[in-house]
$ cat query35.cif   # mmCIF, C-alpha atoms
data_my_file
#
loop_
_atom_site.group_PDB
_atom_site.id
_atom_site.type_symbol
_atom_site.label_atom_id
_atom_site.label_comp_id
_atom_site.auth_asym_id
_atom_site.auth_seq_id
_atom_site.Cartn_x
_atom_site.Cartn_y
_atom_site.Cartn_z
ATOM 1 C CA MET A 1473 -75.339 -15.384 -4.165
ATOM 2 C CA GLU A 1474 -74.229 -15.441 -7.801
ATOM 3 C CA TYR A 1475 -76.706 -12.680 -8.469
ATOM 4 C CA PHE A 1476 -74.416 -10.292 -6.625
ATOM 5 C CA SER A 1477 -71.226 -11.424 -8.367
ATOM 6 C CA HIS A 1478 -71.226 -8.290 -10.554
ATOM 7 C CA TYR A 1479 -71.379 -6.062 -7.468
ATOM 8 C CA HIS A 1480 -68.172 -4.682 -6.055
ATOM 9 C CA PHE A 1481 -67.120 -2.104 -3.501
ATOM 10 C CA LYS A 1482 -63.681 -0.748 -2.747
ATOM 11 C CA GLU A 1483 -63.326 -2.280 0.706
ATOM 12 C CA ILE A 1484 -64.249 -5.860 -0.271
ATOM 13 C CA GLN A 1485 -61.801 -8.512 0.953
ATOM 14 C CA ASP A 1486 -60.565 -11.610 -0.884
ATOM 15 C CA LYS A 1487 -62.952 -14.578 -0.717
ATOM 16 C CA GLU A 1488 -65.630 -12.360 0.837
ATOM 17 C CA LYS A 1489 -69.040 -13.109 -0.678
ATOM 18 C CA ILE A 1490 -71.855 -10.587 -0.992
ATOM 19 C CA ILE A 1491 -75.081 -12.117 0.292
ATOM 20 C CA SER A 1492 -77.437 -9.168 0.024
ATOM 21 C CA VAL A 1493 -77.427 -5.567 -1.193
ATOM 22 C CA ILE A 1494 -80.161 -3.536 0.465
ATOM 23 C CA HIS A 1495 -81.509 -0.160 -0.613
ATOM 24 C CA ARG A 1496 -84.285 1.845 0.985
ATOM 25 C CA HIS A 1497 -87.798 0.820 -0.087
ATOM 26 C CA TRP A 1498 -89.020 2.204 -3.435
ATOM 27 C CA PHE A 1499 -91.806 4.076 -1.629
ATOM 28 C CA ASN A 1500 -89.156 6.273 0.004
ATOM 29 C CA ILE A 1501 -87.771 7.481 -3.341
ATOM 30 C CA LEU A 1502 -91.341 7.940 -4.591
ATOM 31 C CA GLN A 1503 -92.022 10.238 -1.622
ATOM 32 C CA HIS A 1504 -88.932 12.296 -2.464
ATOM 33 C CA PHE A 1505 -89.760 12.340 -6.168
ATOM 34 C CA PHE A 1506 -93.372 13.394 -5.581
ATOM 35 C CA SER A 1507 -92.626 17.149 -5.513
ATOM 36 C CA MET A 1508 -90.460 16.790 -8.630
ATOM 37 C CA ILE A 1509 -93.234 14.920 -10.479
ATOM 38 C CA LEU A 1510 -95.723 17.609 -9.414
ATOM 39 C CA LEU A 1511 -93.394 20.394 -10.630
ATOM 40 C CA SER A 1512 -92.891 18.597 -13.958
ATOM 41 C CA ILE A 1513 -96.667 18.333 -14.447
ATOM 42 C CA VAL A 1514 -97.066 22.076 -13.695
ATOM 43 C CA LEU A 1515 -94.254 22.849 -16.154
ATOM 44 C CA PHE A 1516 -95.753 20.619 -18.837
ATOM 45 C CA ALA A 1517 -99.271 21.997 -18.335
ATOM 46 C CA GLY A 1518 -97.894 25.554 -18.382
ATOM 47 C CA PHE A 1519 -96.284 24.865 -21.740
ATOM 48 C CA PHE A 1520 -99.701 24.157 -23.314
ATOM 49 C CA ILE A 1521 -102.002 26.409 -21.266
ATOM 50 C CA SER A 1522 -99.975 29.621 -20.769
ATOM 51 C CA PRO A 1523 -99.803 30.782 -24.455
ATOM 52 C CA THR A 1524 -103.620 30.802 -24.635
ATOM 53 C CA MET A 1525 -104.129 32.314 -21.176
ATOM 54 C CA VAL A 1526 -101.427 35.040 -21.220
ATOM 55 C CA PRO A 1527 -101.881 37.495 -24.138
ATOM 56 C CA VAL A 1528 -98.286 38.819 -23.967
ATOM 57 C CA LEU A 1529 -97.051 35.370 -25.010
ATOM 58 C CA GLN A 1530 -98.627 35.894 -28.432
ATOM 59 C CA ASP A 1531 -95.557 38.026 -29.131
ATOM 60 C CA LYS A 1532 -92.829 35.853 -30.670
ATOM 61 C CA ASP A 1533 -89.995 37.234 -28.497
ATOM 62 C CA PHE A 1534 -91.897 36.907 -25.236
ATOM 63 C CA TYR A 1535 -92.906 33.390 -26.196
ATOM 64 C CA ARG A 1536 -89.227 32.527 -26.706
ATOM 65 C CA LEU A 1537 -88.447 34.030 -23.276
ATOM 66 C CA PHE A 1538 -91.218 31.892 -21.790
ATOM 67 C CA LEU A 1539 -89.788 28.769 -23.449
ATOM 68 C CA PHE A 1540 -86.334 29.646 -22.119
ATOM 69 C CA VAL A 1541 -87.668 29.984 -18.541
ATOM 70 C CA GLU A 1542 -89.483 26.642 -18.894
ATOM 71 C CA SER A 1543 -86.323 24.998 -20.246
ATOM 72 C CA THR A 1544 -84.228 26.410 -17.355
ATOM 73 C CA LEU A 1545 -86.723 25.063 -14.820
ATOM 74 C CA ALA A 1546 -86.631 21.679 -16.596
ATOM 75 C CA VAL A 1547 -82.814 21.583 -16.195
ATOM 76 C CA PHE A 1548 -83.170 22.397 -12.459
ATOM 77 C CA ILE A 1549 -85.827 19.710 -11.971
ATOM 78 C CA PHE A 1550 -83.775 17.100 -13.841
ATOM 79 C CA MET A 1551 -80.586 17.875 -11.908
ATOM 80 C CA TYR A 1552 -82.321 17.893 -8.536
ATOM 81 C CA SER A 1553 -84.107 14.619 -9.382
ATOM 82 C CA PHE A 1554 -80.759 13.002 -10.187
ATOM 83 C CA ILE A 1555 -79.266 14.280 -6.902
ATOM 84 C CA LEU A 1556 -82.240 12.680 -5.098
ATOM 85 C CA TRP A 1557 -81.616 9.459 -7.025
ATOM 86 C CA ILE A 1558 -77.883 9.467 -6.105
ATOM 87 C CA ASP A 1559 -78.826 9.984 -2.453
ATOM 88 C CA TYR A 1560 -81.158 6.974 -2.690
ATOM 89 C CA TYR A 1561 -79.068 4.653 -4.853
ATOM 90 C CA PHE A 1562 -75.736 5.149 -3.089
ATOM 91 C CA ASP A 1563 -77.281 4.829 0.357
ATOM 92 C CA VAL A 1564 -76.800 1.079 0.716
ATOM 93 C CA TRP A 1565 -76.290 -1.731 3.193
ATOM 94 C CA ILE A 1566 -74.193 -4.644 1.952
ATOM 95 C CA ILE A 1567 -74.404 -7.919 3.868
ATOM 96 C CA THR A 1568 -71.481 -10.234 3.183
ATOM 97 C CA ASP A 1569 -70.645 -13.593 4.764
ATOM 98 C CA ILE A 1570 -68.353 -11.936 7.329
ATOM 99 C CA ARG A 1571 -69.739 -8.441 7.994
ATOM 100 C CA ILE A 1572 -72.262 -5.710 7.287
ATOM 101 C CA VAL A 1573 -71.093 -2.638 5.375
ATOM 102 C CA ASN A 1574 -73.124 0.540 5.726
ATOM 103 C CA ILE A 1575 -72.568 3.129 2.985
ATOM 104 C CA GLU A 1576 -74.476 6.282 3.758
ATOM 105 C CA GLN A 1577 -74.784 9.014 1.164
ATOM 106 C CA LYS A 1578 -76.107 12.367 2.395
ATOM 107 C CA GLY A 1579 -76.642 14.653 -0.588
ATOM 108 C CA VAL A 1580 -73.655 14.764 -2.939
ATOM 109 C CA PHE A 1581 -70.916 15.925 -0.591
ATOM 110 C CA VAL A 1582 -71.281 13.758 2.529
ATOM 111 C CA ARG A 1583 -70.494 10.032 2.384
ATOM 112 C CA GLN A 1584 -69.948 7.746 5.328
ATOM 113 C CA VAL A 1585 -68.753 4.124 5.185
ATOM 114 C CA SER A 1586 -68.830 1.939 8.290
ATOM 115 C CA GLU A 1587 -68.736 -1.799 8.917
ATOM 116 C CA MET A 1588 -69.665 -4.280 11.595
ATOM 117 C CA LYS A 1589 -68.518 -7.880 12.076
ATOM 118 C CA PHE A 1590 -71.196 -10.432 12.945
ATOM 119 C CA GLU A 1591 -69.380 -11.482 16.147
ATOM 120 C CA ARG A 1592 -69.952 -8.012 17.601
ATOM 121 C CA ILE A 1593 -73.713 -8.061 17.134
ATOM 122 C CA GLN A 1594 -75.643 -8.164 20.389
ATOM 123 C CA ASP A 1595 -79.205 -7.414 19.387
ATOM 124 C CA VAL A 1596 -81.260 -6.934 16.203
ATOM 125 C CA THR A 1597 -84.526 -4.998 16.373
ATOM 126 C CA THR A 1598 -87.146 -4.570 13.651
ATOM 127 C CA LYS A 1599 -89.525 -1.615 13.601
ATOM 128 C CA VAL A 1600 -92.472 -1.301 11.212
ATOM 129 C CA GLY A 1601 -94.723 1.624 12.096
ATOM 130 C CA GLY A 1602 -97.716 3.101 10.283
ATOM 131 C CA LEU A 1603 -100.327 2.015 7.777
ATOM 132 C CA ILE A 1604 -98.326 2.309 4.526
ATOM 133 C CA PRO A 1605 -95.159 0.615 5.910
ATOM 134 C CA THR A 1606 -97.318 -2.252 7.199
ATOM 135 C CA ILE A 1607 -99.109 -2.689 3.859
ATOM 136 C CA LEU A 1608 -95.931 -2.366 1.764
ATOM 137 C CA ASN A 1609 -93.831 -4.288 4.311
ATOM 138 C CA TYR A 1610 -90.967 -1.888 4.925
ATOM 139 C CA GLY A 1611 -89.392 -0.490 8.071
ATOM 140 C CA ASP A 1612 -86.234 -0.089 10.134
ATOM 141 C CA VAL A 1613 -83.734 -2.689 11.293
ATOM 142 C CA ILE A 1614 -81.577 -1.588 14.220
ATOM 143 C CA ILE A 1615 -78.425 -3.550 15.075
ATOM 144 C CA GLN A 1616 -76.853 -3.020 18.472
ATOM 145 C CA THR A 1617 -73.286 -3.981 19.271
ATOM 146 C CA ALA A 1618 -72.018 -5.367 22.559
ATOM 147 C CA GLY A 1619 -71.321 -2.872 25.305
ATOM 148 C CA GLU A 1620 -70.936 0.184 23.124
ATOM 149 C CA ARG A 1621 -73.362 2.863 22.051
ATOM 150 C CA GLU A 1622 -72.488 2.179 18.420
ATOM 151 C CA ARG A 1623 -75.325 0.781 16.312
ATOM 152 C CA PHE A 1624 -76.377 0.271 12.705
ATOM 153 C CA HIS A 1625 -79.659 1.641 11.517
ATOM 154 C CA PHE A 1626 -81.142 0.279 8.269
ATOM 155 C CA ARG A 1627 -83.725 2.924 7.425
ATOM 156 C CA MET A 1628 -86.933 2.161 5.502
ATOM 157 C CA VAL A 1629 -85.695 -1.136 4.082
ATOM 158 C CA PRO A 1630 -87.992 -3.646 2.345
ATOM 159 C CA ASP A 1631 -88.940 -6.804 4.249
ATOM 160 C CA PRO A 1632 -87.179 -5.953 7.545
ATOM 161 C CA TYR A 1633 -88.198 -9.272 9.157
ATOM 162 C CA ALA A 1634 -86.351 -11.278 6.479
ATOM 163 C CA ILE A 1635 -83.287 -9.031 6.891
ATOM 164 C CA LYS A 1636 -83.389 -9.568 10.665
ATOM 165 C CA ASP A 1637 -83.588 -13.360 10.172
ATOM 166 C CA LEU A 1638 -80.688 -13.271 7.709
ATOM 167 C CA ILE A 1639 -78.503 -11.258 10.097
ATOM 168 C CA MET A 1640 -79.378 -13.482 13.054
ATOM 169 C CA ASN A 1641 -78.527 -16.634 11.058
ATOM 170 C CA LEU A 1642 -75.219 -15.182 9.894
ATOM 171 C CA GLN A 1643 -74.440 -14.097 13.448
ATOM 172 C CA LYS A 1644 -75.107 -17.626 14.729
ATOM 173 C CA THR A 1645 -72.845 -19.085 12.012
ATOM 174 C CA ALA A 1646 -70.105 -16.587 12.938
ATOM 175 C CA GLU A 1647 -70.474 -17.493 16.626
ATOM 176 C CA ILE A 1648 -70.173 -21.237 15.872
ATOM 177 C CA GLU A 1649 -67.096 -20.632 13.713
ATOM 178 C CA GLU A 1650 -65.534 -18.503 16.450
ATOM 179 C CA THR A 1651 -66.228 -21.209 19.056
ATOM 180 C CA ASN A 1652 -64.728 -23.889 16.785
ATOM 181 C CA GLU A 1653 -61.624 -21.765 16.184
ATOM 182 C CA LEU A 1654 -61.266 -21.196 19.924
ATOM 183 C CA GLY A 1655 -61.716 -24.933 20.551
ATOM 184 C CA GLU A 1656 -59.009 -25.723 18.025
ATOM 185 C CA VAL A 1657 -56.594 -23.248 19.641
ATOM 186 C CA VAL A 1658 -57.267 -24.667 23.138
ATOM 187 C CA SER A 1659 -56.859 -28.315 22.009
ATOM 188 C CA ARG A 1660 -53.619 -27.420 20.178
ATOM 189 C CA LYS A 1661 -52.317 -25.710 23.318
ATOM 190 C CA ILE A 1662 -53.239 -28.715 25.493
ATOM 191 C CA HIS A 1663 -51.606 -31.024 22.943
ATOM 192 C CA GLU A 1664 -48.400 -28.902 22.943
ATOM 193 C CA ASP A 1665 -48.280 -28.742 26.752
ATOM 194 C CA SER A 1666 -48.698 -32.505 27.147
ATOM 195 C CA PHE A 1667 -45.567 -33.209 25.092
ATOM 196 C CA MET B 829 -78.110 45.589 -19.459
ATOM 197 C CA ILE B 830 -77.763 42.886 -22.138
ATOM 198 C CA LEU B 831 -74.197 42.328 -20.965
ATOM 199 C CA LEU B 832 -75.483 41.784 -17.426
ATOM 200 C CA VAL B 833 -78.058 39.265 -18.684
ATOM 201 C CA ASN B 834 -75.327 37.425 -20.588
ATOM 202 C CA LEU B 835 -73.089 37.419 -17.512
ATOM 203 C CA PHE B 836 -75.899 36.084 -15.344
ATOM 204 C CA TYR B 837 -76.640 33.354 -17.885
ATOM 205 C CA PHE B 838 -72.973 32.418 -18.081
ATOM 206 C CA LEU B 839 -72.891 32.026 -14.284
ATOM 207 C CA MET B 840 -76.017 29.853 -14.399
ATOM 208 C CA LEU B 841 -74.474 27.643 -17.087
ATOM 209 C CA LEU B 842 -71.320 27.325 -14.982
ATOM 210 C CA ILE B 843 -73.421 26.159 -11.993
ATOM 211 C CA PHE B 844 -75.192 23.614 -14.226
ATOM 212 C CA LEU B 845 -71.865 22.329 -15.553
ATOM 213 C CA ILE B 846 -70.251 22.037 -12.105
ATOM 214 C CA GLY B 847 -73.376 20.299 -10.781
ATOM 215 C CA SER B 848 -73.321 17.872 -13.710
ATOM 216 C CA LEU B 849 -69.626 17.113 -13.176
ATOM 217 C CA VAL B 850 -70.248 16.414 -9.474
ATOM 218 C CA ILE B 851 -73.062 13.992 -10.382
ATOM 219 C CA VAL B 852 -70.951 12.211 -13.046
ATOM 220 C CA PHE B 853 -68.029 11.989 -10.571
ATOM 221 C CA HIS B 854 -70.276 10.340 -7.978
ATOM 222 C CA ILE B 855 -71.672 7.860 -10.487
ATOM 223 C CA ILE B 856 -68.199 6.817 -11.680
ATOM 224 C CA ARG B 857 -66.370 6.927 -8.327
ATOM 225 C CA TYR B 858 -68.850 5.358 -5.928
ATOM 226 C CA SER B 859 -70.911 2.968 -8.024
ATOM 227 C CA TYR B 860 -70.789 -0.721 -7.077
ATOM 228 C CA ASN B 861 -72.446 -2.137 -10.176
ATOM 229 C CA LYS B 862 -70.944 -1.571 -13.620
ATOM 230 C CA THR B 863 -74.214 -2.105 -15.522
ATOM 231 C CA ALA B 864 -76.019 0.441 -13.348
ATOM 232 C CA THR B 865 -73.099 2.896 -13.747
ATOM 233 C CA ALA B 866 -73.258 2.682 -17.539
ATOM 234 C CA LEU B 867 -77.044 3.049 -17.567
ATOM 235 C CA MET B 868 -77.031 6.024 -15.204
ATOM 236 C CA LEU B 869 -74.250 7.745 -17.146
ATOM 237 C CA ILE B 870 -76.019 7.256 -20.491
ATOM 238 C CA ILE B 871 -79.337 8.596 -19.140
ATOM 239 C CA PHE B 872 -77.773 11.546 -17.317
ATOM 240 C CA ILE B 873 -75.331 12.675 -20.014
ATOM 241 C CA CYS B 874 -77.832 12.334 -22.877
ATOM 242 C CA ALA B 875 -80.742 14.020 -21.089
ATOM 243 C CA MET B 876 -78.619 16.748 -19.491
ATOM 244 C CA GLY B 877 -76.777 17.433 -22.746
ATOM 245 C CA LEU B 878 -80.056 17.703 -24.647
ATOM 246 C CA LEU B 879 -81.652 19.969 -22.027
ATOM 247 C CA LEU B 880 -78.593 22.244 -21.840
ATOM 248 C CA MET B 881 -78.306 22.464 -25.620
ATOM 249 C CA LEU B 882 -81.983 23.400 -25.887
ATOM 250 C CA ASN B 883 -81.514 25.950 -23.116
ATOM 251 C CA ILE B 884 -78.556 27.610 -24.878
ATOM 252 C CA ILE B 885 -80.380 27.686 -28.248
ATOM 253 C CA LEU B 886 -83.455 29.243 -26.619
ATOM 254 C CA PHE B 887 -81.359 31.823 -24.751
ATOM 255 C CA TYR B 888 -79.620 33.015 -27.908
ATOM 256 C CA SER B 889 -82.905 33.104 -29.850
ATOM 257 C CA ILE B 890 -84.333 35.747 -27.487
ATOM 258 C CA ASN B 891 -84.182 39.313 -28.722
ATOM 259 C CA PHE B 892 -83.233 41.031 -25.455
ATOM 260 C CA GLY B 893 -82.812 44.358 -27.279
ATOM 261 C CA LYS B 894 -86.576 44.376 -27.846
ATOM 262 C CA ILE B 895 -87.725 42.693 -24.640
ATOM 263 C CA LEU B 896 -85.689 44.569 -22.001
ATOM 264 C CA PRO B 897 -86.842 48.147 -22.867
ATOM 265 C CA SER B 898 -90.495 47.037 -22.812
ATOM 266 C CA MET B 899 -90.199 45.479 -19.321
#

$ encode --input "query35.cif" --output "structure tokens"
Amino acid sequence: MEYFSHYHFKEIQDKEKIISVIHRHWFNILQHFFSMILLSIVLFAGFFISPTMVPVLQDKDFYRLFLFVESTLAVFIFMYSFILWIDYYFDVWIITDIRIVNIEQKGVFVRQVSEMKFERIQDVTTKVGGLIPTILNYGDVIIQTAGERERFHFRMVPDPYAIKDLIMNLQKTAEIEETNELGEVVSRKIHEDSF
Amino acid sequence: MILLVNLFYFLMLLIFLIGSLVIVFHIIRYSYNKTATALMLIIFICAMGLLLMLNIILFYSINFGKILPSM
């Protein structure tokens, strides 16, 4: 738990402890980065191959123009890669000892923060589908609340079975605490009424 | 024609700068780990600054007066 002591988010309450911070699996960001890596390789190869293949680039001014185009594309690739990284890094599920906080980042302009208390959890489902997710052990964890359509969807998270176990354990602890609190209230009421 | 090229480049630079500011804003505003924030800011600002500087130097080294009539 101490590992997460340097983590913070705006909505954190006093005495609330962060138990786990979950990002999507690294394979997901690799999938998104694949096209960017491919483009970078093309750009890099073009830098060495094009001057020998295209005769017009023997001219100093055209060669400078070519370098400028390559540099502009490099800026685009770098910026887009960082936007992809922001989308991945800021898309996070934070499990604390009292609730689950879902921070969803969609691109750079859409951000959604929602939370769910453990007492409201009705059902936790794990879904691992496909060859690569099975080998790399990543998948979805879907949390359903009581009675409502509202649900939390942890997408492409690493080790979904461990996350499910963690949530179920925390939910049980929350249920026991709630029962104890209720018991205390009832016994106090009975005690007050008897005097 | 050269003026148009300059204007177009200025607009492109403006888009790059606004995009960079949006990214830096997100890193500072929404980050939940100070170490990661510092690391991301250092990488982004240094790399982006270097790439943009190189881009500007290359743009102004091009002799458009010679290139544009031959296109």

$ resolve_selection --input "query35.cif" --expression "the PyMOL selection byres ((chain B) within 7 of (chain A))" --output "MDAnalysis selection string"
chainID B and resid 860:861 879 883 886:887 890:891

$ resolve_selection --input "query35.cif" --expression "the PyMOL selection byres ((chain B and resi 841) around 12)" --output "CSV table (one decimal) with C-alpha atoms, in the frame of the given file"
chain,number,residue,atom,x,y,z
A,1544,THR,CA,-84.2,26.4,-17.4
A,1547,VAL,CA,-82.8,21.6,-16.2
A,1548,PHE,CA,-83.2,22.4,-12.5
B,834,ASN,CA,-75.3,37.4,-20.6
B,835,LEU,CA,-73.1,37.4,-17.5
B,836,PHE,CA,-75.9,36.1,-15.3
B,837,TYR,CA,-76.6,33.4,-17.9
B,838,PHE,CA,-73.0,32.4,-18.1
B,839,LEU,CA,-72.9,32.0,-14.3
B,840,MET,CA,-76.0,29.9,-14.4
B,842,LEU,CA,-71.3,27.3,-15.0
B,843,ILE,CA,-73.4,26.2,-12.0
B,844,PHE,CA,-75.2,23.6,-14.2
B,845,LEU,CA,-71.9,22.3,-15.6
B,846,ILE,CA,-70.3,22.0,-12.1
B,847,GLY,CA,-73.4,20.3,-10.8
B,848,SER,CA,-73.3,17.9,-13.7
B,876,MET,CA,-78.6,16.7,-19.5
B,877,GLY,CA,-76.8,17.4,-22.7
B,879,LEU,CA,-81.7,20.0,-22.0
B,880,LEU,CA,-78.6,22.2,-21.8
B,881,MET,CA,-78.3,22.5,-25.6
B,883,ASN,CA,-81.5,26.0,-23.1
B,884,ILE,CA,-78.6,27.6,-24.9
B,887,PHE,CA,-81.4,31.8,-24.8

$ residues_around --input "query35.cif" --residues "B:Pro897" --least-positions-apart "5" --cutoff "12 Å" --atoms "all atoms listed in the file" --output "list in words"
Met829, Ile830, Asn891 and Phe892 of chain B

$ closest_residue --input "query35.cif" --among "A:Thr1645, A:Asn1609, A:Ser1522, A:Asn1500" --to "A:Asp1563" --atoms "all atoms listed in the file"
A:Asn1500

$ residues_around --input "query35.cif" --residues "A:Gln1616" --least-positions-apart "4" --cutoff "12 Å" --atoms "only C-alpha atoms" --output "mmCIF file with C-alpha atoms, keeping the file's coordinate frame"
data_model
loop_
_atom_site.group_PDB
_atom_site.id
_atom_site.type_symbol
_atom_site.label_atom_id
_atom_site.label_comp_id
_atom_site.auth_asym_id
_atom_site.auth_seq_id
_atom_site.Cartn_x
_atom_site.Cartn_y
_atom_site.Cartn_z
ATOM 1 C CA MET A 1588 -69.665 -4.280 11.595
ATOM 2 C CA LYS A 1589 -68.518 -7.880 12.076
ATOM 3 C CA PHE A 1590 -71.196 -10.432 12.945
ATOM 4 C CA GLU A 1591 -69.380 -11.482 16.147
ATOM 5 C CA ARG A 1592 -69.952 -8.012 17.601
ATOM 6 C CA ILE A 1593 -73.713 -8.061 17.134
ATOM 7 C CA GLN A 1594 -75.643 -8.164 20.389
ATOM 8 C CA ASP A 1595 -79.205 -7.414 19.387
ATOM 9 C CA VAL A 1596 -81.260 -6.934 16.203
ATOM 10 C CA THR A 1597 -84.526 -4.998 16.373
ATOM 11 C CA THR A 1598 -87.146 -4.570 13.651
ATOM 12 C CA GLU A 1620 -70.936 0.184 23.124
ATOM 13 C CA ARG A 1621 -73.362 2.863 22.051
ATOM 14 C CA GLU A 1622 -72.488 2.179 18.420
ATOM 15 C CA ARG A 1623 -75.325 0.781 16.312
ATOM 16 C CA PHE A 1624 -76.377 0.271 12.705
ATOM 17 C CA HIS A 1625 -79.659 1.641 11.517
ATOM 18 C CA PHE A 1626 -81.142 0.279 8.269
ATOM 19 C CA ILE A 1639 -78.503 -11.258 10.097
#

$ atom_distance --input "query35.cif" --atom1 "atom CA of B:Met868" --atom2 "atom CA of B:Ile856"
9.5 Å

$ atom_distance --input "query35.cif" --atom1 "atom CA of A:Glu1587" --atom2 "atom CA of A:Gly1655"
26.8 Å

$ residues_near_point --input "query35.cif" --point "(-89.6, 13.3, -2.2)" --cutoff "12 Å" --atoms "only C-alpha atoms" --output "list in words"
Trp1498, Phe1499, Asn1500, Ile1501, Leu1502, Gln1503, His1504, Phe1505, Phe1506, Ser1507, Met1508, Ile1509, Leu1510, Leu1511, Tyr1552, Ser1553, Phe1554, Ile1555, Leu1556, Trp1557, Asp1559 and Tyr1560 of chain A

$ write_last_selection --input "query35.cif" --atoms "C-alpha atoms" --output "compact mmCIF listing (two decimals), in the coordinates of the input"
# COMPACT_ATOMS: atom_id res chain seq x y z
CA TRP A 1498 -89.02 2.20 -3.44
CA PHE A 1499 -91.81 4.08 -1.63
CA ASN A 1500 -89.16 6.27 0.00
CA ILE A 1501 -87.77 7.48 -3.34
CA LEU A 1502 -91.34 7.94 -4.59
CA GLN A 1503 -92.02 10.24 -1.62
CA HIS A 1504 -88.93 12.30 -2.46
CA PHE A 1505 -89.76 12.34 -6.17
CA PHE A 1506 -93.37 13.39 -5.58
CA SER A 1507 -92.63 17.15 -5.51
CA MET A 1508 -90.46 16.79 -8.63
CA ILE A 1509 -93.23 14.92 -10.48
CA LEU A 1510 -95.72 17.61 -9.41
CA LEU A 1511 -93.39 20.39 -10.63
CA TYR A 1552 -82.32 17.89 -8.54
CA SER A 1553 -84.11 14.62 -9.38
CA PHE A 1554 -80.76 13.00 -10.19
CA ILE A 1555 -79.27 14.28 -6.90
CA LEU A 1556 -82.24 12.68 -5.10
CA TRP A 1557 -81.62 9.46 -7.02
CA ASP A 1559 -78.83 9.98 -2.45
CA TYR A 1560 -81.16 6.97 -2.69

$ atom_distance --input "query35.cif" --atom1 "atom CA of A:Leu1642" --atom2 "atom CA of A:Asp1569"
7.1 Å

$ closest_residue --input "query35.cif" --among "A:Leu1654, A:Ile1604, A:Ile1567, A:Val1573" --to "A:Ile1491" --atoms "all atoms listed in the file"
A:Ile1567

$ build_atoms --input "query35.cif" --residues "stretch 877-890 of chain B" --atoms "N, CA and C atoms" --output "mmCIF file, keeping the file's coordinate frame"
data_model
loop_
_atom_site.group_PDB
_atom_site.id
_atom_site.type_symbol
_atom_site.label_atom_id
_atom_site.label_comp_id
_atom_site.auth_asym_id
_atom_site.auth_seq_id
_atom_site.Cartn_x
_atom_site.Cartn_y
_atom_site.Cartn_z
ATOM 1 N N GLY B 877 -77.350 16.804 -21.550
ATOM 2 C CA GLY B 877 -76.777 17.433 -22.746
ATOM 3 C C GLY B 877 -77.864 18.014 -23.627
ATOM 4 N N LEU B 878 -78.932 17.253 -23.819
ATOM 5 C CA LEU B 878 -80.056 17.703 -24.647
ATOM 6 C C LEU B 878 -80.734 18.936 -24.039
ATOM 7 N N LEU B 879 -80.984 18.858 -22.718
ATOM 8 C CA LEU B 879 -81.652 19.969 -22.027
ATOM 9 C C LEU B 879 -80.793 21.235 -22.056
ATOM 10 N N LEU B 880 -79.489 21.071 -21.840
ATOM 11 C CA LEU B 880 -78.593 22.244 -21.840
ATOM 12 C C LEU B 880 -78.471 22.856 -23.236
ATOM 13 N N MET B 881 -78.416 21.972 -24.242
ATOM 14 C CA MET B 881 -78.306 22.464 -25.620
ATOM 15 C C MET B 881 -79.558 23.273 -26.002
ATOM 16 N N LEU B 882 -80.704 22.730 -25.633
ATOM 17 C CA LEU B 882 -81.983 23.400 -25.887
ATOM 18 C C LEU B 882 -82.034 24.745 -25.174
ATOM 19 N N ASN B 883 -81.528 24.740 -23.929
ATOM 20 C CA ASN B 883 -81.514 25.950 -23.116
ATOM 21 C C ASN B 883 -80.646 27.030 -23.757
ATOM 22 N N ILE B 884 -79.477 26.646 -24.250
ATOM 23 C CA ILE B 884 -78.556 27.610 -24.878
ATOM 24 C C ILE B 884 -79.166 28.154 -26.170
ATOM 25 N N ILE B 885 -79.742 27.264 -26.984
ATOM 26 C CA ILE B 885 -80.380 27.686 -28.248
ATOM 27 C C ILE B 885 -81.508 28.683 -27.961
ATOM 28 N N LEU B 886 -82.330 28.361 -26.960
ATOM 29 C CA LEU B 886 -83.455 29.243 -26.619
ATOM 30 C C LEU B 886 -82.961 30.595 -26.098
ATOM 31 N N PHE B 887 -81.888 30.564 -25.299
ATOM 32 C CA PHE B 887 -81.359 31.823 -24.751
ATOM 33 C C PHE B 887 -80.883 32.746 -25.879
ATOM 34 N N TYR B 888 -80.159 32.166 -26.831
ATOM 35 C CA TYR B 888 -79.620 33.015 -27.908
ATOM 36 C C TYR B 888 -80.669 33.365 -28.974
ATOM 37 N N SER B 889 -81.855 32.743 -28.894
ATOM 38 C CA SER B 889 -82.905 33.104 -29.850
ATOM 39 C C SER B 889 -83.739 34.288 -29.340
ATOM 40 N N ILE B 890 -83.547 34.634 -28.064
ATOM 41 C CA ILE B 890 -84.333 35.747 -27.487
ATOM 42 C C ILE B 890 -83.741 37.087 -27.909
#
